[in-house]
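J.: Just passing along the structure, written as structure tokens.
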Amino acid sequence: MSEPKLNRYTSAAPGTARFVAQHLIMKPYIWSAVTVHEHGVRNLEALKPPFVVIANHSSHLDAPLIYGALPRRLSKNLAAATAGDYFFSNWYKALPTALFFNSFPVQRQGHANRTGHRGLAARLVNEGVPILIFPEGTRSRTGAMANFTPGAAALSISRNVPVLPIALVGAYAAMPYGANVPVPGRPHVHVVFGRPLRAAPGEIAHQFSERLHRYVVEMHDTTARAYGMPTQADFARAVALRSAAAQAERDAASAAREVRPLEPPAPVEFRPLEQPAGEVTPLEPPEGMDVQPLEPPDPIESPVDGAARR
């Protein structure tokens, strides 16, 4: 893939097209399909580009919710890091992704298609472009949050920019993995803006990333409990129960294959013994041997019996 032109992410013409796509098409549709609640907006008052936005990732609603909920001054040039092997594999995916989310391709580990540019996020931050990164790396299949990869934290440390943590609550239920549109009934979703954070002195990327993960989980669960929605512990418990049930089914199927009922043996044909041909002559003692029949032995007197007679 050729080197991208960075002015695409900040120039006026693409910005105008993004504004039309985001605020006249995407946001009206999403806000009509789900009921959106925004929390912590005051945490955005002092925030200025460039910065790094992170959030939990469980639904295709996540990026539209973030772009729609952020003030225009912060979302205007926000560029989303997207999987190059999926969203930039062909033009009809790449074009709308770039139009709606000002996105740029990143390379994902473990994928044969290595579409993307190394170091592009850092170059964009240097140009003053805020970055959106989902540090779980992919959408959750279950609603439970995975650990964060340290890339967003490392970018924040290396470019000395703050991280804006966002917790998205209810997005998984509103549009779970595999769904193409939100579920009917305008389900409630919550966009929770946290305090912009920076790494503490001496804090390395993976430590900062773990702290960000804990903070997003805390924001998610505090909001979820307040509105009677599943917490991360609830999602994890459901995953564990489903895993245990699946393992029990596999064990039962394996046992059914191994233990087979005994089958009756094949019928055996019994034939009566036949008399040998010819005359049967009884055995006689050999000549010269006097064979006497055995006689019963003499009775043996028991000591007890003898004592009784005396």
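Quick note on naming: the chains in the structure tokens go A, B, ... in the order shown, residues restart at 1 in each chain, and ligands are numbered from 1 in order of appearance.
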Kindly assemble as a tab-separated table a list of the range 25-59 of chain A residues that lie within 8 Å of range 186-206 of chain A, each paired with its nearest atom pair and their distance in Å to one decimal, using only C-alpha atoms, sorted first by chain and then by ascending residue number.
T.:
```
residue	atom	partner	partner_atom	distance
A:Ser32	CA	A:Arg186	CA	7.3
A:Ala33	CA	A:Arg186	CA	5.1
A:Val34	CA	A:Arg186	CA	4.0
A:Thr35	CA	A:His188	CA	4.6
A:Val36	CA	A:Val189	CA	5.2
A:His37	CA	A:His190	CA	4.7
A:Glu38	CA	A:Val191	CA	4.9
A:His39	CA	A:Val192	CA	4.7
A:Gly40	CA	A:Phe193	CA	4.8
A:Val41	CA	A:Phe193	CA	6.2
A:Asn43	CA	A:Arg195	CA	5.4
A:Leu44	CA	A:Phe193	CA	7.7
A:Leu47	CA	A:Pro196	CA	7.5
```
J.: Within 10 Å of Glu210 in chain A, counting only C-alpha atoms, which residues qualify if same-chain residues fewer than 2 places away don't, as a ChimeraX atom specification?
T.: /A:147-150,153,205-208,212-216
J.: Could those residues be written to a file, using N, CA and C atoms, as an mmCIF file, in the first residue's frame?
T.:
```cif
data_model
loop_
_atom_site.group_PDB
_atom_site.id
_atom_site.type_symbol
_atom_site.label_atom_id
_atom_site.label_comp_id
_atom_site.auth_asym_id
_atom_site.auth_seq_id
_atom_site.Cartn_x
_atom_site.Cartn_y
_atom_site.Cartn_z
ATOM 1 N N ASN A 147 -8.464 -7.890 27.746
ATOM 2 C CA ASN A 147 -7.384 -7.009 28.180
ATOM 3 C C ASN A 147 -7.027 -6.030 27.070
ATOM 4 N N PHE A 148 -6.473 -4.892 27.464
ATOM 5 C CA PHE A 148 -6.061 -3.889 26.497
ATOM 6 C C PHE A 148 -4.648 -4.188 25.999
ATOM 7 N N THR A 149 -4.451 -4.008 24.713
ATOM 8 C CA THR A 149 -3.085 -4.009 24.193
ATOM 9 C C THR A 149 -2.459 -2.656 24.536
ATOM 10 N N PRO A 150 -1.128 -2.588 24.672
ATOM 11 C CA PRO A 150 -0.506 -1.345 25.174
ATOM 12 C C PRO A 150 -0.262 -0.287 24.105
ATOM 13 N N ALA A 153 -1.583 3.292 24.962
ATOM 14 C CA ALA A 153 -0.813 3.853 26.071
ATOM 15 C C ALA A 153 0.588 4.254 25.615
ATOM 16 N N ALA A 205 4.327 1.571 29.382
ATOM 17 C CA ALA A 205 3.112 1.459 28.567
ATOM 18 C C ALA A 205 2.146 0.413 29.096
ATOM 19 N N HIS A 206 2.641 -0.790 29.410
ATOM 20 C CA HIS A 206 1.691 -1.837 29.804
ATOM 21 C C HIS A 206 1.073 -1.536 31.165
ATOM 22 N N GLN A 207 1.791 -0.822 32.065
ATOM 23 C CA GLN A 207 1.208 -0.436 33.352
ATOM 24 C C GLN A 207 0.126 0.622 33.153
ATOM 25 N N PHE A 208 0.422 1.588 32.302
ATOM 26 C CA PHE A 208 -0.575 2.624 31.999
ATOM 27 C C PHE A 208 -1.791 1.999 31.323
ATOM 28 N N LEU A 212 -5.686 2.107 32.540
ATOM 29 C CA LEU A 212 -6.781 2.552 31.679
ATOM 30 C C LEU A 212 -7.886 1.495 31.615
ATOM 31 N N HIS A 213 -7.488 0.231 31.529
ATOM 32 C CA HIS A 213 -8.467 -0.860 31.486
ATOM 33 C C HIS A 213 -9.322 -0.872 32.747
ATOM 34 N N ARG A 214 -8.675 -0.744 33.892
ATOM 35 C CA ARG A 214 -9.422 -0.740 35.159
ATOM 36 C C ARG A 214 -10.376 0.451 35.220
ATOM 37 N N TYR A 215 -9.939 1.579 34.717
ATOM 38 C CA TYR A 215 -10.772 2.784 34.752
ATOM 39 C C TYR A 215 -12.002 2.622 33.857
ATOM 40 N N VAL A 216 -11.827 2.073 32.664
ATOM 41 C CA VAL A 216 -12.962 1.868 31.767
ATOM 42 C C VAL A 216 -13.938 0.854 32.363
#
```
J.: Extract, using only C-alpha atoms, all DNA, RNA and protein residues at most 8 Å from range 20-31 of chain A, discarding same-chain residues fewer than 6 positions from it, and format them as a list in words.
T.: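 The contact residues come out as Leu61, Pro64, Leu65, Tyr67, Gly68, Leu99 and Phe100 of chain A.
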J.: Check range 130-284 of chain A with DSSP on the backbone and list each residue it calls helix (DSSP H, G or I), as a PyMOL selection string.
T.: chain A and resi 151-159+171-174+205-226+232-258
J.: Separation of CA of Pro71 in chain A and CA of Ala121 in chain A, in Å?
T.: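 Taking CA of Pro71 in chain A and CA of Ala121 in chain A, their separation equals 21.7 Å.
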J.: Taking a cut-off of 6 Å and counting only C-alpha atoms, can you build a table that, for each residue of range 186-257 of chain A near range 139-145 of chain A, reports the nearest atom pair and how far apart they are in Å (one decimal), sorted by chain then residue number, as JSON lines?
T.:
```
{"residue": "A:Gln232", "atom": "CA", "partner": "A:Ala144", "partner_atom": "CA", "distance": 5.7}
{"residue": "A:Phe235", "atom": "CA", "partner": "A:Ala144", "partner_atom": "CA", "distance": 5.1}
{"residue": "A:Ala236", "atom": "CA", "partner": "A:Ala144", "partner_atom": "CA", "distance": 5.7}
```
J.: DSSP says strand (DSSP E) for which residues of range 34-192 of chain A? Put them as a ChimeraX atom specification?
T.: /A:35-39,52-55,79-83,104-106,131-133,163-169,188-192
J.: Could you give me, as an mmCIF file with N, CA, C and O atoms, in the first residue's frame, the residues within 12 Å of Gly119 in chain A, counting only C-alpha atoms and dropping anything in the same chain fewer than 5 positions from it?
T.:
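Writing done, so here's selection.cif:
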```cif
data_model
loop_
_atom_site.group_PDB
_atom_site.id
_atom_site.type_symbol
_atom_site.label_atom_id
_atom_site.label_comp_id
_atom_site.auth_asym_id
_atom_site.auth_seq_id
_atom_site.Cartn_x
_atom_site.Cartn_y
_atom_site.Cartn_z
ATOM 1 N N GLU A 3 2.198 5.143 0.509
ATOM 2 C CA GLU A 3 2.146 6.003 1.676
ATOM 3 C C GLU A 3 0.966 6.975 1.562
ATOM 4 O O GLU A 3 0.757 7.601 0.516
ATOM 5 N N PRO A 4 0.186 7.131 2.605
ATOM 6 C CA PRO A 4 -0.989 8.011 2.531
ATOM 7 C C PRO A 4 -0.586 9.478 2.598
ATOM 8 O O PRO A 4 0.464 9.837 3.121
ATOM 9 N N ALA A 81 -8.517 4.251 14.077
ATOM 10 C CA ALA A 81 -7.642 3.157 13.647
ATOM 11 C C ALA A 81 -8.515 1.948 13.356
ATOM 12 O O ALA A 81 -9.215 1.448 14.231
ATOM 13 N N PHE A 104 -7.902 5.225 9.235
ATOM 14 C CA PHE A 104 -6.629 4.837 8.625
ATOM 15 C C PHE A 104 -6.380 3.368 8.955
ATOM 16 O O PHE A 104 -6.794 2.873 10.012
ATOM 17 N N PRO A 105 -5.711 2.630 8.073
ATOM 18 C CA PRO A 105 -5.539 1.186 8.283
ATOM 19 C C PRO A 105 -4.374 0.885 9.216
ATOM 20 O O PRO A 105 -3.336 1.535 9.183
ATOM 21 N N VAL A 106 -4.590 -0.097 10.068
ATOM 22 C CA VAL A 106 -3.517 -0.601 10.928
ATOM 23 C C VAL A 106 -3.365 -2.092 10.684
ATOM 24 O O VAL A 106 -4.312 -2.780 10.294
ATOM 25 N N GLN A 107 -2.182 -2.595 10.925
ATOM 26 C CA GLN A 107 -1.901 -4.006 10.743
ATOM 27 C C GLN A 107 -2.235 -4.751 12.028
ATOM 28 O O GLN A 107 -1.824 -4.349 13.121
ATOM 29 N N LEU A 124 0.179 10.967 12.528
ATOM 30 C CA LEU A 124 -1.047 11.754 12.580
ATOM 31 C C LEU A 124 -1.114 12.591 13.860
ATOM 32 O O LEU A 124 -1.513 13.760 13.823
ATOM 33 N N VAL A 125 -0.733 12.006 14.991
ATOM 34 C CA VAL A 125 -0.723 12.760 16.242
ATOM 35 C C VAL A 125 0.246 13.930 16.136
ATOM 36 O O VAL A 125 -0.038 15.049 16.612
ATOM 37 N N ASN A 126 1.391 13.697 15.503
ATOM 38 C CA ASN A 126 2.344 14.796 15.310
ATOM 39 C C ASN A 126 1.745 15.934 14.491
ATOM 40 O O ASN A 126 2.126 17.098 14.657
ATOM 41 N N GLY A 151 -0.727 -0.493 22.868
ATOM 42 C CA GLY A 151 -0.411 0.455 21.805
ATOM 43 C C GLY A 151 -0.889 1.870 22.069
ATOM 44 O O GLY A 151 -0.155 2.845 21.837
ATOM 45 N N ALA A 154 1.205 3.419 24.785
ATOM 46 C CA ALA A 154 2.548 3.735 24.280
ATOM 47 C C ALA A 154 2.521 4.979 23.410
ATOM 48 O O ALA A 154 3.434 5.821 23.464
ATOM 49 N N LEU A 155 1.467 5.127 22.581
ATOM 50 C CA LEU A 155 1.350 6.312 21.738
ATOM 51 C C LEU A 155 1.194 7.565 22.592
ATOM 52 O O LEU A 155 1.801 8.609 22.308
ATOM 53 N N SER A 158 4.688 8.267 24.180
ATOM 54 C CA SER A 158 5.727 8.690 23.231
ATOM 55 C C SER A 158 5.454 10.067 22.642
ATOM 56 O O SER A 158 6.388 10.807 22.314
ATOM 57 N N ARG A 159 4.172 10.438 22.496
ATOM 58 C CA ARG A 159 3.830 11.738 21.907
ATOM 59 C C ARG A 159 3.367 12.744 22.959
ATOM 60 O O ARG A 159 3.003 13.867 22.627
#
```
J.: For the atom pair CA of Lys76 in chain A and CA of Thr222 in chain A, what is the interatomic distance in Å to one decimal place?
T.: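 That distance, rounded to one decimal, is 29.5 Å.
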